[in-house]
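*Asks:* Just so it is clear, I am handing over final03.txt, which has compact mmCIF, C-alpha atoms.
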# COMPACT_ATOMS: atom_id res chain seq x y z
CA GLN D 1 43.96 77.37 -22.91
CA VAL D 2 43.86 79.40 -19.70
CA TYR D 3 44.00 83.20 -19.39
CA THR D 4 44.12 85.41 -16.33
CA SER D 5 43.86 89.17 -16.13
CA PRO D 6 45.92 91.31 -13.78
CA SER D 7 43.54 94.21 -14.27
CA ARG D 8 40.81 95.09 -11.77
CA ASN D 9 38.92 97.17 -14.30
CA PRO D 10 35.52 95.51 -14.86
CA TYR D 11 35.01 97.14 -18.27
CA LEU D 12 38.38 95.92 -19.51
CA ASN D 13 37.86 92.44 -18.13
CA LEU D 14 34.42 92.08 -19.66
CA ALA D 15 35.75 93.40 -22.97
CA ILE D 16 38.60 90.85 -22.90
CA GLU D 17 36.06 88.14 -22.14
CA GLN D 18 33.92 89.13 -25.12
CA TYR D 19 37.00 89.30 -27.30
CA LEU D 20 37.94 85.76 -26.30
CA LEU D 21 34.38 84.61 -26.98
CA ARG D 22 34.24 86.11 -30.45
CA ASN D 23 37.78 85.61 -31.67
CA CYS D 24 39.24 82.35 -30.44
CA ALA D 25 39.39 79.13 -32.49
CA LYS D 26 35.94 77.61 -32.97
CA SER D 27 36.90 74.28 -31.51
CA SER D 28 38.85 75.62 -28.55
CA THR D 29 37.89 75.56 -24.91
CA ILE D 30 39.11 78.45 -22.84
CA LEU D 31 39.21 79.35 -19.17
CA PHE D 32 39.50 83.01 -18.21
CA LEU D 33 39.86 84.16 -14.61
CA TYR D 34 39.64 87.75 -13.39
CA VAL D 35 38.98 89.89 -10.35
CA ASN D 36 37.18 93.24 -10.42
CA ARG D 37 37.30 96.30 -8.19
CA PRO D 38 33.99 96.81 -6.33
CA CYS D 39 31.09 96.93 -8.78
CA VAL D 40 27.50 95.86 -9.19
CA VAL D 41 26.97 93.87 -12.37
CA ILE D 42 23.48 93.61 -13.86
CA GLY D 43 22.35 91.14 -16.53
CA ARG D 44 21.83 92.07 -20.19
CA ASN D 45 18.10 92.67 -19.89
CA GLN D 46 17.72 93.98 -16.39
CA ASN D 47 16.47 97.25 -14.99
CA PRO D 48 19.07 99.04 -12.82
CA TRP D 49 16.43 101.20 -11.13
CA MET D 50 14.61 98.14 -9.93
CA GLU D 51 17.59 95.98 -9.01
CA VAL D 52 20.04 98.40 -7.42
CA ASN D 53 19.90 101.13 -4.79
CA LEU D 54 21.52 103.69 -7.07
CA ASP D 55 21.69 106.32 -4.36
CA LEU D 56 23.74 104.04 -2.14
CA LEU D 57 25.87 103.10 -5.11
CA ARG D 58 26.68 106.70 -5.89
CA CYS D 59 27.76 107.33 -2.31
CA GLY D 60 30.08 104.36 -2.44
CA ILE D 61 30.43 101.69 0.21
CA PRO D 62 32.33 101.99 3.48
CA SER D 63 35.95 100.95 3.18
CA PRO D 64 36.66 97.80 5.25
CA THR D 65 39.76 99.37 6.72
CA ALA D 66 38.65 102.93 7.39
CA SER D 67 34.90 103.11 7.84
CA SER D 68 34.72 106.85 7.34
CA LYS D 69 36.15 106.54 3.84
CA HIS D 70 34.03 105.44 0.94
CA VAL D 71 34.99 103.10 -1.87
CA PRO D 72 33.45 103.95 -5.24
CA VAL D 73 31.28 101.25 -6.83
CA ASP D 74 30.80 100.95 -10.59
CA LEU D 75 27.53 99.90 -12.20
CA VAL D 76 28.15 97.56 -15.12
CA ARG D 77 25.75 95.83 -17.51
CA ARG D 78 27.19 92.61 -18.87
CA ARG D 79 26.29 90.91 -22.15
CA SER D 80 25.18 87.61 -20.68
CA GLY D 81 21.75 87.13 -19.15
CA GLY D 82 20.74 86.51 -15.57
CA GLY D 83 20.52 88.59 -12.44
CA THR D 84 22.46 91.15 -10.45
CA VAL D 85 25.65 90.35 -8.56
CA PHE D 86 28.27 92.20 -6.58
CA HIS D 87 31.99 91.91 -7.39
CA ASP D 88 34.96 93.05 -5.37
CA LEU D 89 38.57 92.11 -4.68
CA GLY D 90 37.48 89.12 -2.57
CA ASN D 91 35.49 87.66 -5.46
CA VAL D 92 37.03 85.75 -8.36
CA ASN D 93 35.21 85.53 -11.68
CA TRP D 94 35.66 82.40 -13.76
CA SER D 95 34.64 82.09 -17.35
CA VAL D 96 34.60 79.08 -19.68
CA ILE D 97 34.22 79.48 -23.42
CA CYS D 98 33.60 76.34 -25.46
CA PRO D 99 32.02 75.12 -28.69
CA SER D 100 28.24 75.43 -28.38
CA ALA D 101 27.67 71.92 -29.74
CA SER D 102 29.17 70.57 -26.58
CA PHE D 103 26.82 73.00 -24.91
CA ASP D 104 23.96 70.68 -25.76
CA PHE D 105 24.38 71.49 -23.05
CA ASP D 106 25.15 70.59 -19.68
CA ARG D 107 24.77 73.98 -18.06
CA ASN D 108 26.21 72.48 -14.92
CA ARG D 109 29.34 71.01 -16.42
CA HIS D 110 31.65 73.86 -15.58
CA ALA D 111 29.85 74.80 -12.41
CA GLU D 112 30.58 71.22 -11.31
CA MET D 113 34.20 71.73 -12.27
CA VAL D 114 34.47 74.76 -9.99
CA SER D 115 32.61 72.88 -7.26
CA ARG D 116 35.19 70.10 -7.45
CA ALA D 117 37.95 72.69 -7.12
CA LEU D 118 36.30 73.98 -3.95
CA ARG D 119 35.89 70.50 -2.50
CA ARG D 120 39.57 69.81 -3.20
CA LEU D 121 40.40 72.90 -1.14
CA GLY D 122 38.41 71.61 1.78
CA VAL D 123 34.96 73.06 1.16
CA ALA D 124 33.32 69.68 1.49
CA ASP D 125 29.70 70.76 1.09
CA ALA D 126 30.15 72.76 -2.14
CA ARG D 127 27.55 71.68 -4.68
CA VAL D 128 25.58 72.92 -7.68
CA ASN D 129 21.87 73.63 -7.23
CA ASP D 130 19.14 73.56 -9.84
CA ARG D 131 19.63 77.22 -10.70
CA HIS D 132 23.23 76.39 -11.67
CA ASP D 133 24.46 78.31 -8.62
CA ILE D 134 27.21 76.92 -6.40
CA VAL D 135 26.02 76.68 -2.82
CA VAL D 136 27.40 75.58 0.52
CA GLY D 137 25.50 74.77 3.65
CA PRO D 138 24.73 71.96 6.05
CA SER D 139 21.37 70.94 4.59
CA GLU D 140 18.85 71.52 1.81
CA LYS D 141 17.02 74.01 3.98
CA GLU D 142 20.12 75.94 4.91
CA THR D 143 22.15 76.86 1.86
CA TYR D 144 24.24 79.88 1.06
CA LYS D 145 25.03 80.96 -2.42
CA VAL D 146 28.70 81.45 -3.15
CA SER D 147 28.53 81.63 -6.91
CA GLY D 148 25.98 82.64 -9.55
CA SER D 149 26.19 81.74 -13.24
CA ALA D 150 25.23 83.39 -16.48
CA TYR D 151 25.50 82.35 -20.10
CA LYS D 152 25.86 83.90 -23.52
CA LEU D 153 25.41 81.94 -26.73
CA ILE D 154 26.64 83.09 -30.11
CA THR D 155 27.12 81.24 -33.39
CA GLY D 156 28.98 78.05 -32.58
CA ARG D 157 30.30 79.24 -29.22
CA ALA D 158 29.05 79.33 -25.67
CA LEU D 159 30.20 81.37 -22.68
CA HIS D 160 29.49 80.29 -19.14
CA HIS D 161 30.74 82.58 -16.45
CA GLY D 162 30.23 82.84 -12.75
CA THR D 163 31.31 84.63 -9.60
CA LEU D 164 32.91 83.11 -6.53
CA LEU D 165 32.72 84.80 -3.17
CA LEU D 166 35.97 83.98 -1.42
CA SER D 167 36.69 86.71 1.08
CA SER D 168 34.63 89.75 0.33
CA PRO D 169 34.72 92.30 3.16
CA HIS D 170 31.56 93.97 1.92
CA LEU D 171 28.93 91.25 2.33
CA PRO D 172 26.88 93.11 4.96
CA VAL D 173 26.31 96.02 2.61
CA VAL D 174 25.47 93.92 -0.45
CA SER D 175 21.87 93.28 0.50
CA SER D 176 21.09 96.97 0.88
CA LEU D 177 22.96 97.75 -2.33
CA LEU D 178 20.87 95.25 -4.27
CA ARG D 179 17.51 96.40 -2.90
CA SER D 180 15.99 99.34 -4.66
CA PRO D 181 13.54 101.71 -2.95
CA ALA D 182 11.91 102.29 -6.34
CA GLU D 183 11.02 98.64 -6.83
CA GLY D 184 7.47 98.86 -5.50
CA TYR D 185 6.55 101.60 -7.96
CA MET D 186 7.76 99.86 -11.07
CA GLN D 187 6.68 97.14 -13.39
CA SER D 188 9.18 95.87 -15.90
CA LYS D 189 9.32 93.64 -18.97
CA GLY D 190 12.96 92.92 -18.19
CA VAL D 191 14.53 90.11 -16.23
CA ARG D 192 14.26 90.04 -12.44
CA SER D 193 16.96 88.80 -10.09
CA VAL D 194 16.36 85.89 -7.76
CA ARG D 195 17.57 86.62 -4.25
CA SER D 196 19.65 84.20 -2.21
CA PRO D 197 21.50 84.46 1.08
CA ILE D 198 25.23 84.68 0.40
CA ARG D 199 28.40 83.79 2.18
CA ASN D 200 32.14 83.77 1.67
CA VAL D 201 33.96 80.51 1.19
CA ASP D 202 36.95 81.90 3.09
CA LEU D 203 39.74 80.94 0.75
CA GLY D 204 42.50 82.96 -0.85
CA ASN D 205 42.18 84.14 -4.44
CA GLU D 206 45.43 82.47 -5.51
CA GLU D 207 44.65 79.04 -4.13
CA PHE D 208 41.18 79.11 -5.65
CA ILE D 209 42.52 80.15 -9.03
CA ASP D 210 45.12 77.39 -8.93
CA ALA D 211 42.53 74.78 -7.98
CA VAL D 212 40.20 75.80 -10.82
CA ILE D 213 43.05 75.74 -13.31
CA GLY D 214 43.89 72.27 -12.00
CA GLU D 215 40.35 70.95 -12.51
CA PHE D 216 40.17 72.55 -15.93
CA GLY D 217 43.45 70.90 -16.88
CA LYS D 218 42.04 67.52 -15.86
CA MET D 219 38.97 67.98 -18.02
CA TYR D 220 40.75 69.34 -21.08
CA GLU D 221 44.19 67.92 -21.62
CA GLY D 222 46.75 69.35 -23.91
CA GLY D 223 46.75 72.94 -22.76
CA THR D 224 49.60 75.33 -23.44
CA GLY D 225 49.86 76.79 -19.98
CA VAL D 226 48.47 79.90 -18.35
CA VAL D 227 48.70 83.24 -20.13
CA ASP D 228 48.46 86.39 -18.08
CA VAL D 229 46.85 88.91 -20.36
CA ASP D 230 48.87 92.08 -20.86
CA ALA D 231 46.28 94.58 -19.70
CA GLU D 232 47.93 97.54 -21.36
CA THR D 233 48.18 96.11 -24.85
CA ALA D 234 44.76 94.53 -24.45
CA GLY D 235 43.25 97.89 -23.57
CA GLU D 236 44.79 99.43 -26.62
CA ALA D 237 43.64 96.77 -29.10
CA THR D 238 40.93 98.43 -31.19
CA TRP D 239 38.23 95.80 -30.72
CA ILE D 240 38.68 95.75 -26.95
CA ALA D 241 38.90 99.52 -26.62
CA GLU D 242 35.69 99.93 -28.61
CA GLU D 243 33.91 97.27 -26.57
CA MET D 244 35.03 98.99 -23.36
CA GLU D 245 33.70 102.29 -24.62
CA THR D 246 30.36 100.71 -25.50
CA ILE D 247 29.81 99.05 -22.15
CA ASP D 248 31.01 102.11 -20.24
CA SER D 249 28.46 104.37 -21.92
CA ALA D 250 25.20 105.60 -20.38
CA ASP D 251 23.46 104.40 -23.50
CA TRP D 252 24.42 100.80 -22.80
CA ARG D 253 24.29 100.94 -19.03
CA PHE D 254 20.88 102.59 -18.74
CA GLY D 255 19.57 102.85 -22.30
CA GLN D 256 19.42 99.10 -22.83
CA THR D 257 16.80 98.68 -20.13
CA PRO D 258 13.66 96.94 -21.42
CA GLN D 259 10.33 98.74 -21.27
CA PHE D 260 9.03 99.51 -17.84
CA THR D 261 6.46 101.71 -16.13
CA PHE D 262 6.96 103.83 -13.07
CA SER D 263 3.93 105.10 -11.21
CA THR D 264 3.47 106.53 -7.75
CA HIS D 265 -0.16 105.41 -7.65
CA PRO D 266 -1.90 102.19 -8.67
CA THR D 267 -2.96 102.07 -12.33
CA GLU D 268 -5.23 99.83 -14.38
CA GLU D 269 -2.37 97.71 -15.67
CA ASP D 270 -0.66 97.65 -12.33
CA PRO D 271 -3.17 97.81 -9.51
CA ARG D 272 -0.76 96.90 -6.70
CA PRO D 273 -0.80 99.25 -3.73
CA ARG D 274 2.26 101.47 -3.69
CA PRO D 275 4.66 101.89 -0.78
CA PRO D 276 4.34 105.25 0.98
CA LEU D 277 6.35 107.99 -0.72
CA PRO D 278 9.47 109.19 1.11
CA MET R 1 -8.47 84.41 -39.02
CA ALA R 2 -9.02 82.58 -35.79
CA SER R 3 -8.25 85.73 -33.80
CA ILE R 4 -10.80 87.75 -35.76
CA ALA R 5 -13.36 85.09 -34.99
CA ARG R 6 -12.49 85.43 -31.30
CA CYS R 7 -13.07 89.21 -31.38
CA LEU R 8 -16.40 88.81 -33.11
CA ARG R 9 -17.48 86.21 -30.62
CA ALA R 10 -16.74 88.56 -27.73
CA ALA R 11 -18.56 91.49 -29.36
CA ARG R 12 -21.74 89.68 -30.49
CA PRO R 13 -22.38 86.52 -28.51
CA SER R 14 -25.86 86.26 -30.02
CA ALA R 15 -24.27 85.73 -33.40
CA LEU R 16 -22.18 82.87 -32.06
CA SER R 17 -24.25 80.13 -33.68
CA ALA R 18 -24.07 81.97 -36.99
CA PHE R 19 -20.29 82.04 -36.82
CA LYS R 20 -19.75 78.62 -35.40
CA THR R 21 -19.75 76.76 -38.68
CA PRO R 22 -17.54 79.25 -40.56
CA VAL R 23 -14.96 79.07 -37.75
CA SER R 24 -14.71 75.33 -37.98
CA ARG R 25 -14.41 75.63 -41.75
CA VAL R 26 -11.77 78.33 -41.47
CA CYS R 27 -9.43 76.27 -39.28
CA PRO R 28 -8.73 73.45 -41.76
CA ALA R 29 -8.15 76.07 -44.48
CA ARG R 30 -5.60 77.73 -42.19
CA ALA R 31 -3.85 74.42 -41.61
CA PHE R 32 -3.49 73.94 -45.37
CA SER R 33 -1.92 77.34 -45.81
CA VAL R 34 0.60 76.57 -43.07
CA THR R 35 1.53 73.32 -44.79
CA SER R 36 2.14 74.99 -48.14
CA SER R 37 4.46 77.58 -46.58
CA ASN R 38 6.40 74.72 -44.99
CA ALA R 39 7.47 73.72 -48.47
CA LEU R 40 9.36 77.02 -48.62
CA ARG R 41 10.78 76.70 -45.14
CA LYS R 42 14.50 76.43 -44.54
CA TYR R 43 16.59 75.95 -41.40
CA THR R 44 20.08 77.01 -40.36
CA LYS R 45 22.58 74.96 -38.38
CA GLU R 46 22.07 77.48 -35.59
CA HIS R 47 18.39 76.53 -35.36
CA GLU R 48 16.75 79.54 -36.98
CA TRP R 49 14.05 79.05 -39.63
CA ILE R 50 12.79 81.21 -42.44
CA ASP R 51 9.46 80.89 -44.22
CA LEU R 52 9.43 82.38 -47.69
CA SER R 53 6.61 83.68 -49.81
CA ALA R 54 6.05 81.99 -53.15
CA ASP R 55 7.71 84.86 -55.00
CA LEU R 56 10.75 84.69 -52.69
CA LYS R 57 10.44 88.41 -51.99
CA THR R 58 9.32 88.31 -48.35
CA GLY R 59 9.84 85.99 -45.42
CA VAL R 60 9.29 85.38 -41.73
CA ILE R 61 12.10 84.37 -39.35
CA GLY R 62 12.04 82.58 -36.02
CA ILE R 63 13.84 79.94 -33.98
CA SER R 64 13.09 76.25 -34.17
CA GLU R 65 11.27 74.14 -31.64
CA TYR R 66 14.54 72.34 -30.99
CA ALA R 67 16.21 75.64 -30.06
CA ALA R 68 13.27 76.74 -27.92
CA LYS R 69 13.41 73.48 -26.00
CA GLU R 70 17.17 73.75 -25.52
CA LEU R 71 16.93 77.29 -24.22
CA GLY R 72 14.20 76.57 -21.71
CA ASP R 73 11.67 79.16 -20.58
CA VAL R 74 12.22 82.33 -22.58
CA VAL R 75 11.98 85.34 -20.30
CA PHE R 76 12.96 88.12 -22.67
CA VAL R 77 13.33 88.72 -26.41
CA GLU R 78 15.51 91.47 -27.86
CA LEU R 79 13.85 92.28 -31.15
CA PRO R 80 15.82 93.73 -34.06
CA GLU R 81 15.26 97.28 -35.32
CA GLU R 82 12.80 97.70 -38.16
CA GLY R 83 14.50 98.79 -41.36
CA LYS R 84 17.77 97.11 -40.46
CA LYS R 85 19.61 95.50 -43.38
CA VAL R 86 21.58 92.38 -42.55
CA ALA R 87 23.77 89.78 -44.20
CA ALA R 88 23.41 86.07 -43.53
CA GLY R 89 24.77 85.32 -40.08
CA ASP R 90 24.43 88.84 -38.69
CA ALA R 91 22.78 89.15 -35.30
CA ILE R 92 19.15 90.19 -35.38
CA GLY R 93 18.34 90.32 -31.72
CA ALA R 94 18.65 87.75 -28.98
CA VAL R 95 16.60 85.51 -26.77
CA GLU R 96 17.14 85.32 -23.03
CA SER R 97 16.03 82.23 -21.18
CA VAL R 98 16.82 81.39 -17.58
CA LYS R 99 20.22 83.04 -17.53
CA SER R 100 21.35 82.30 -21.12
CA ALA R 101 21.35 85.16 -23.56
CA ALA R 102 21.51 83.63 -27.05
CA ASP R 103 22.04 85.59 -30.27
CA ILE R 104 19.60 85.08 -33.14
CA ASN R 105 21.24 85.35 -36.55
CA ALA R 106 19.72 86.16 -39.91
CA PRO R 107 19.46 82.97 -42.02
CA ILE R 108 19.87 84.97 -45.26
CA ALA R 109 20.62 88.50 -46.37
CA CYS R 110 17.46 90.52 -45.85
CA LYS R 111 15.90 93.69 -44.47
CA ILE R 112 13.73 93.74 -41.36
CA THR R 113 10.25 94.99 -42.23
CA GLY R 114 8.36 93.98 -39.13
CA ILE R 115 8.92 92.63 -35.64
CA ASN R 116 6.68 90.56 -33.41
CA LEU R 117 5.74 92.89 -30.58
CA LEU R 118 3.73 90.09 -28.98
CA LEU R 119 7.08 88.73 -27.81
CA GLU R 120 7.66 91.87 -25.76
CA GLU R 121 4.46 91.16 -23.82
CA LYS R 122 4.65 87.39 -23.83
CA PRO R 123 8.18 86.09 -24.45
CA GLY R 124 6.93 82.63 -23.53
CA THR R 125 5.13 82.47 -26.89
CA ILE R 126 8.42 81.30 -28.32
CA ASN R 127 8.26 78.22 -26.14
CA GLN R 128 4.62 77.52 -27.00
CA VAL R 129 4.58 78.05 -30.76
CA PRO R 130 8.15 78.72 -31.89
CA GLU R 131 7.59 77.75 -35.50
CA ASP R 132 4.28 79.50 -35.98
CA ASP R 133 4.47 82.41 -38.38
CA SER R 134 0.88 83.54 -37.98
CA HIS R 135 -0.52 86.31 -35.81
CA GLY R 136 -0.09 85.07 -32.25
CA GLY R 137 2.81 82.82 -33.14
CA GLY R 138 6.42 82.82 -31.90
CA TRP R 139 7.96 84.31 -35.05
CA ILE R 140 10.54 87.00 -34.49
CA ALA R 141 10.78 89.20 -37.59
CA LYS R 142 9.25 89.75 -40.99
CA VAL R 143 11.71 90.53 -43.72
CA SER R 144 12.05 91.50 -47.33
CA VAL R 145 14.50 89.34 -49.24
CA THR R 146 17.26 90.64 -51.50
CA GLU R 147 18.78 88.84 -54.47
CA GLU R 148 21.76 87.95 -52.34
CA GLY R 149 19.35 86.51 -49.81
CA VAL R 150 17.84 84.18 -52.38
CA LYS R 151 21.32 82.83 -53.12
CA ASP R 152 21.92 82.30 -49.39
CA LEU R 153 18.90 80.00 -49.31
CA GLU R 154 20.82 77.28 -51.08
CA LYS R 155 23.11 76.86 -48.11
CA LEU R 156 20.22 76.14 -45.74
CA MET R 157 18.54 72.87 -44.82
CA ASP R 158 15.03 71.82 -45.73
CA PRO R 159 12.81 70.46 -42.93
CA GLN R 160 13.82 66.85 -43.64
CA ALA R 161 17.56 67.59 -43.52
CA TYR R 162 17.08 69.68 -40.40
CA ALA R 163 15.22 66.87 -38.63
CA GLU R 164 18.15 64.54 -39.39
CA PHE R 165 20.64 67.19 -38.28
CA THR R 166 18.97 67.69 -34.89
CA ALA R 167 18.63 63.95 -34.38
CA THR R 168 22.39 63.52 -34.67
CA GLU R 169 23.19 66.60 -32.60
CA GLY R 170 21.39 65.03 -29.70
CA GLU R 171 23.99 62.30 -29.67
CA HIS R 172 26.79 64.56 -28.42
Translate the structure described by the file into structure tokens.

*Replies:*
Amino acid sequence: QVYTSPSRNPYLNLAIEQYLLRNCAKSSTILFLYVNRPCVVIGRNQNPWMEVNLDLLRCGIPSPTASSKHVPVDLVRRRSGGGTVFHDLGNVNWSVICPSASFDFDRNRHAEMVSRALRRLGVADARVNDRHDIVVGPSEKETYKVSGSAYKLITGRALHHGTLLLSSPHLPVVSSLLRSPAEGYMQSKGVRSVRSPIRNVDLGNEEFIDAVIGEFGKMYEGGTGVVDVDAETAGEATWIAEEMETIDSADWRFGQTPQFTFSTHPTEEDPRPRPPLP
Amino acid sequence: MASIARCLRAARPSALSAFKTPVSRVCPARAFSVTSSNALRKYTKEHEWIDLSADLKTGVIGISEYAAKELGDVVFVELPEEGKKVAAGDAIGAVESVKSAADINAPIACKITGINLLLEEKPGTINQVPEDDSHGGGWIAKVSVTEEGVKDLEKLMDPQAYAEFTATEGEH
């Protein structure tokens, strides 16, 4: 079964994704595709102060069409693990939900599926690396990440979702957005991101979505077609509305950060020299 | 026991020879006590285990070695809140390994009485000693068991059944 979302609201899309994970038939395999307006998405157990330049985020990023105007950027914490990524209208998110027994588990299975879709569209060097990322690039030494993956496991079900950079106009600003000036002063028990150079694949959203649906259809026959989720009724469904409220709260976004210390001078537990204060 | 011996050794090295024999005698005794609690150990299909006291009033919960291996290197453990009352199957925290965040569910109805703070410092303990319910082990929570919880036990697998279950799962 394939679902797509017409909404660009990251909170709604993540809530729909969780709803699909928790409520669909236990033996079903589902593909969900969605695109978000510009946002920075951190993993379940990450520290936003260490991973993101929150000042830059608050200012917004320059609009690709009118550089004096600024586009607002949301900060979202997702429920799956992993590191920090940037989403925008040139990035398509793909999500596969399947029984967790079949998750015994080839973490690359669906990343390979998306890779095949890319190769079918002419991206001949698309491949999956050992971090389950999809990369392109002429050689082992020169690779660019085009997709990162994250997973969430619940009773009997597994969610594997990833990004895909197709035609993002904001790539130049991503590296400064994902570098925090506070990083050198902090030590965290949470999960750290792993940096990689990134690049667009230069394809259209529609053709990519169609190719992924095609590959999914080959792997899992007997589907009932593509359902475009009705964003309005979805947003009103109680479960989804509550989930949206939870993940859009400061308590979830910031309050779920694991223990960390912040110190402007070296301490016993953290004797590293500190960067000079601004 | 072993950890107390370590502290003493650090504090009074001159007494080392005096303690040496007791330490080696303590270890086998410890191994026996672990074996006896295994007789009251049960597993869930989702790879959690629970060790129960002889009176079935308290227990210790963790994830199995099979689960720890499947997850890979654990980088973060979300521990449940102390005092939380749960039914069998309710989430009591989660384990994050390289990119997967996996829910841990209560094997039986119980109330959380203690959590393993060692896992906040060293989440990798789960990978090293996932089924160890002693101080320094990879256990996740200590619980008190309700009557309903005791009934839930019947639905769980004993170590033998669990070993067979995981052997067949590997065939998928």

*Asks:* Just how far from atom CA of Glu147 of chain R is atom CA of Lys111 of chain R, in Å to one decimal?

*Replies:* 11.5 Å

*Asks:* Calculate how many Å separate atom CA of Leu156 of chain R from atom CA of Leu40 of chain R, rounding to one decimal.

*Replies:*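 Going from atom CA of Leu156 of chain R over to atom CA of Leu40 of chain R, I get 11.3 Å.
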
*Asks:* Restricting the calculation to only C-alpha atoms: of D:Ile61, D:Ala231, D:Ile154, D:Leu33, which residue gets closest to chain R?

*Replies:*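 Closest to chain R of all the choices is D:Ile154.
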
*Asks:* What does the distance from atom CA of Ala241 of chain D to atom CA of Val86 of chain R come to in Å, to one decimal?

*Replies:*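 Atom CA of Val86 of chain R lies at a distance of 24.6 Å from atom CA of Ala241 of chain D.
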
*Asks:* Return as a list in words the residues belonging to chain D that are within 6 Å of chain R, counting only C-alpha atoms.

*Replies:*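 Going by the stated atoms only, the list reads Ser80, Gly81, Gly82, Ala150, Tyr151, Lys152, Leu153 and Ile154 of chain D.
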
*Asks:* Rank D:Pro181, D:Gly83, D:Gly122, D:Pro169 by their smallest atom-to-atom distance to Gly148 of chain D, using only C-alpha atoms, and report the top residue only.

*Replies:*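 The closest residue to Gly148 of chain D is D:Gly83.
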
*Asks:* Which neighbours of segment 128-132 of chain D fall inside 12 Å, counting all atoms listed in the file, when residues of the same chain fewer than 2 positions from it are skipped, and could you give them as an mmCIF file with C-alpha atoms, in the coordinates of the input?

*Replies:*
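What ended up in around29.cif:
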data_model
loop_
_atom_site.group_PDB
_atom_site.id
_atom_site.type_symbol
_atom_site.label_atom_id
_atom_site.label_comp_id
_atom_site.auth_asym_id
_atom_site.auth_seq_id
_atom_site.Cartn_x
_atom_site.Cartn_y
_atom_site.Cartn_z
ATOM 1 C CA GLY D 82 20.740 86.510 -15.570
ATOM 2 C CA GLY D 83 20.520 88.590 -12.440
ATOM 3 C CA ASP D 106 25.150 70.590 -19.680
ATOM 4 C CA ARG D 107 24.770 73.980 -18.060
ATOM 5 C CA ASN D 108 26.210 72.480 -14.920
ATOM 6 C CA ARG D 109 29.340 71.010 -16.420
ATOM 7 C CA HIS D 110 31.650 73.860 -15.580
ATOM 8 C CA ALA D 111 29.850 74.800 -12.410
ATOM 9 C CA GLU D 112 30.580 71.220 -11.310
ATOM 10 C CA MET D 113 34.200 71.730 -12.270
ATOM 11 C CA VAL D 114 34.470 74.760 -9.990
ATOM 12 C CA SER D 115 32.610 72.880 -7.260
ATOM 13 C CA ARG D 116 35.190 70.100 -7.450
ATOM 14 C CA LEU D 118 36.300 73.980 -3.950
ATOM 15 C CA ARG D 119 35.890 70.500 -2.500
ATOM 16 C CA ASP D 125 29.700 70.760 1.090
ATOM 17 C CA ALA D 126 30.150 72.760 -2.140
ATOM 18 C CA ILE D 134 27.210 76.920 -6.400
ATOM 19 C CA VAL D 135 26.020 76.680 -2.820
ATOM 20 C CA VAL D 136 27.400 75.580 0.520
ATOM 21 C CA GLY D 137 25.500 74.770 3.650
ATOM 22 C CA GLU D 140 18.850 71.520 1.810
ATOM 23 C CA THR D 143 22.150 76.860 1.860
ATOM 24 C CA TYR D 144 24.240 79.880 1.060
ATOM 25 C CA LYS D 145 25.030 80.960 -2.420
ATOM 26 C CA VAL D 146 28.700 81.450 -3.150
ATOM 27 C CA SER D 147 28.530 81.630 -6.910
ATOM 28 C CA GLY D 148 25.980 82.640 -9.550
ATOM 29 C CA SER D 149 26.190 81.740 -13.240
ATOM 30 C CA ALA D 150 25.230 83.390 -16.480
ATOM 31 C CA TYR D 151 25.500 82.350 -20.100
ATOM 32 C CA HIS D 160 29.490 80.290 -19.140
ATOM 33 C CA HIS D 161 30.740 82.580 -16.450
ATOM 34 C CA GLY D 162 30.230 82.840 -12.750
ATOM 35 C CA THR D 163 31.310 84.630 -9.600
ATOM 36 C CA SER D 193 16.960 88.800 -10.090
ATOM 37 C CA VAL D 194 16.360 85.890 -7.760
ATOM 38 C CA ARG D 195 17.570 86.620 -4.250
ATOM 39 C CA SER D 196 19.650 84.200 -2.210
ATOM 40 C CA VAL R 98 16.820 81.390 -17.580
ATOM 41 C CA LYS R 99 20.220 83.040 -17.530
ATOM 42 C CA SER R 100 21.350 82.300 -21.120
#

*Asks:* Any idea what's packed within 7 Å of Glu131 of chain R, counting all atoms listed in the file, ignoring anything in its chain fewer than 6 positions away? Could you give it as an MDAnalysis selection string?

*Replies:* chainID R and resid 62:65 138:139

*Asks:* Compute the distance from (19.1, 84.8, -50.8) to each atom, counting all atoms listed in the file, keep the residues with any atom at most 9 Å away, and return them as a PyMOL selection string; use the coordinates of the file.

*Replies:* chain R and resi 56+88+107-110+145-154
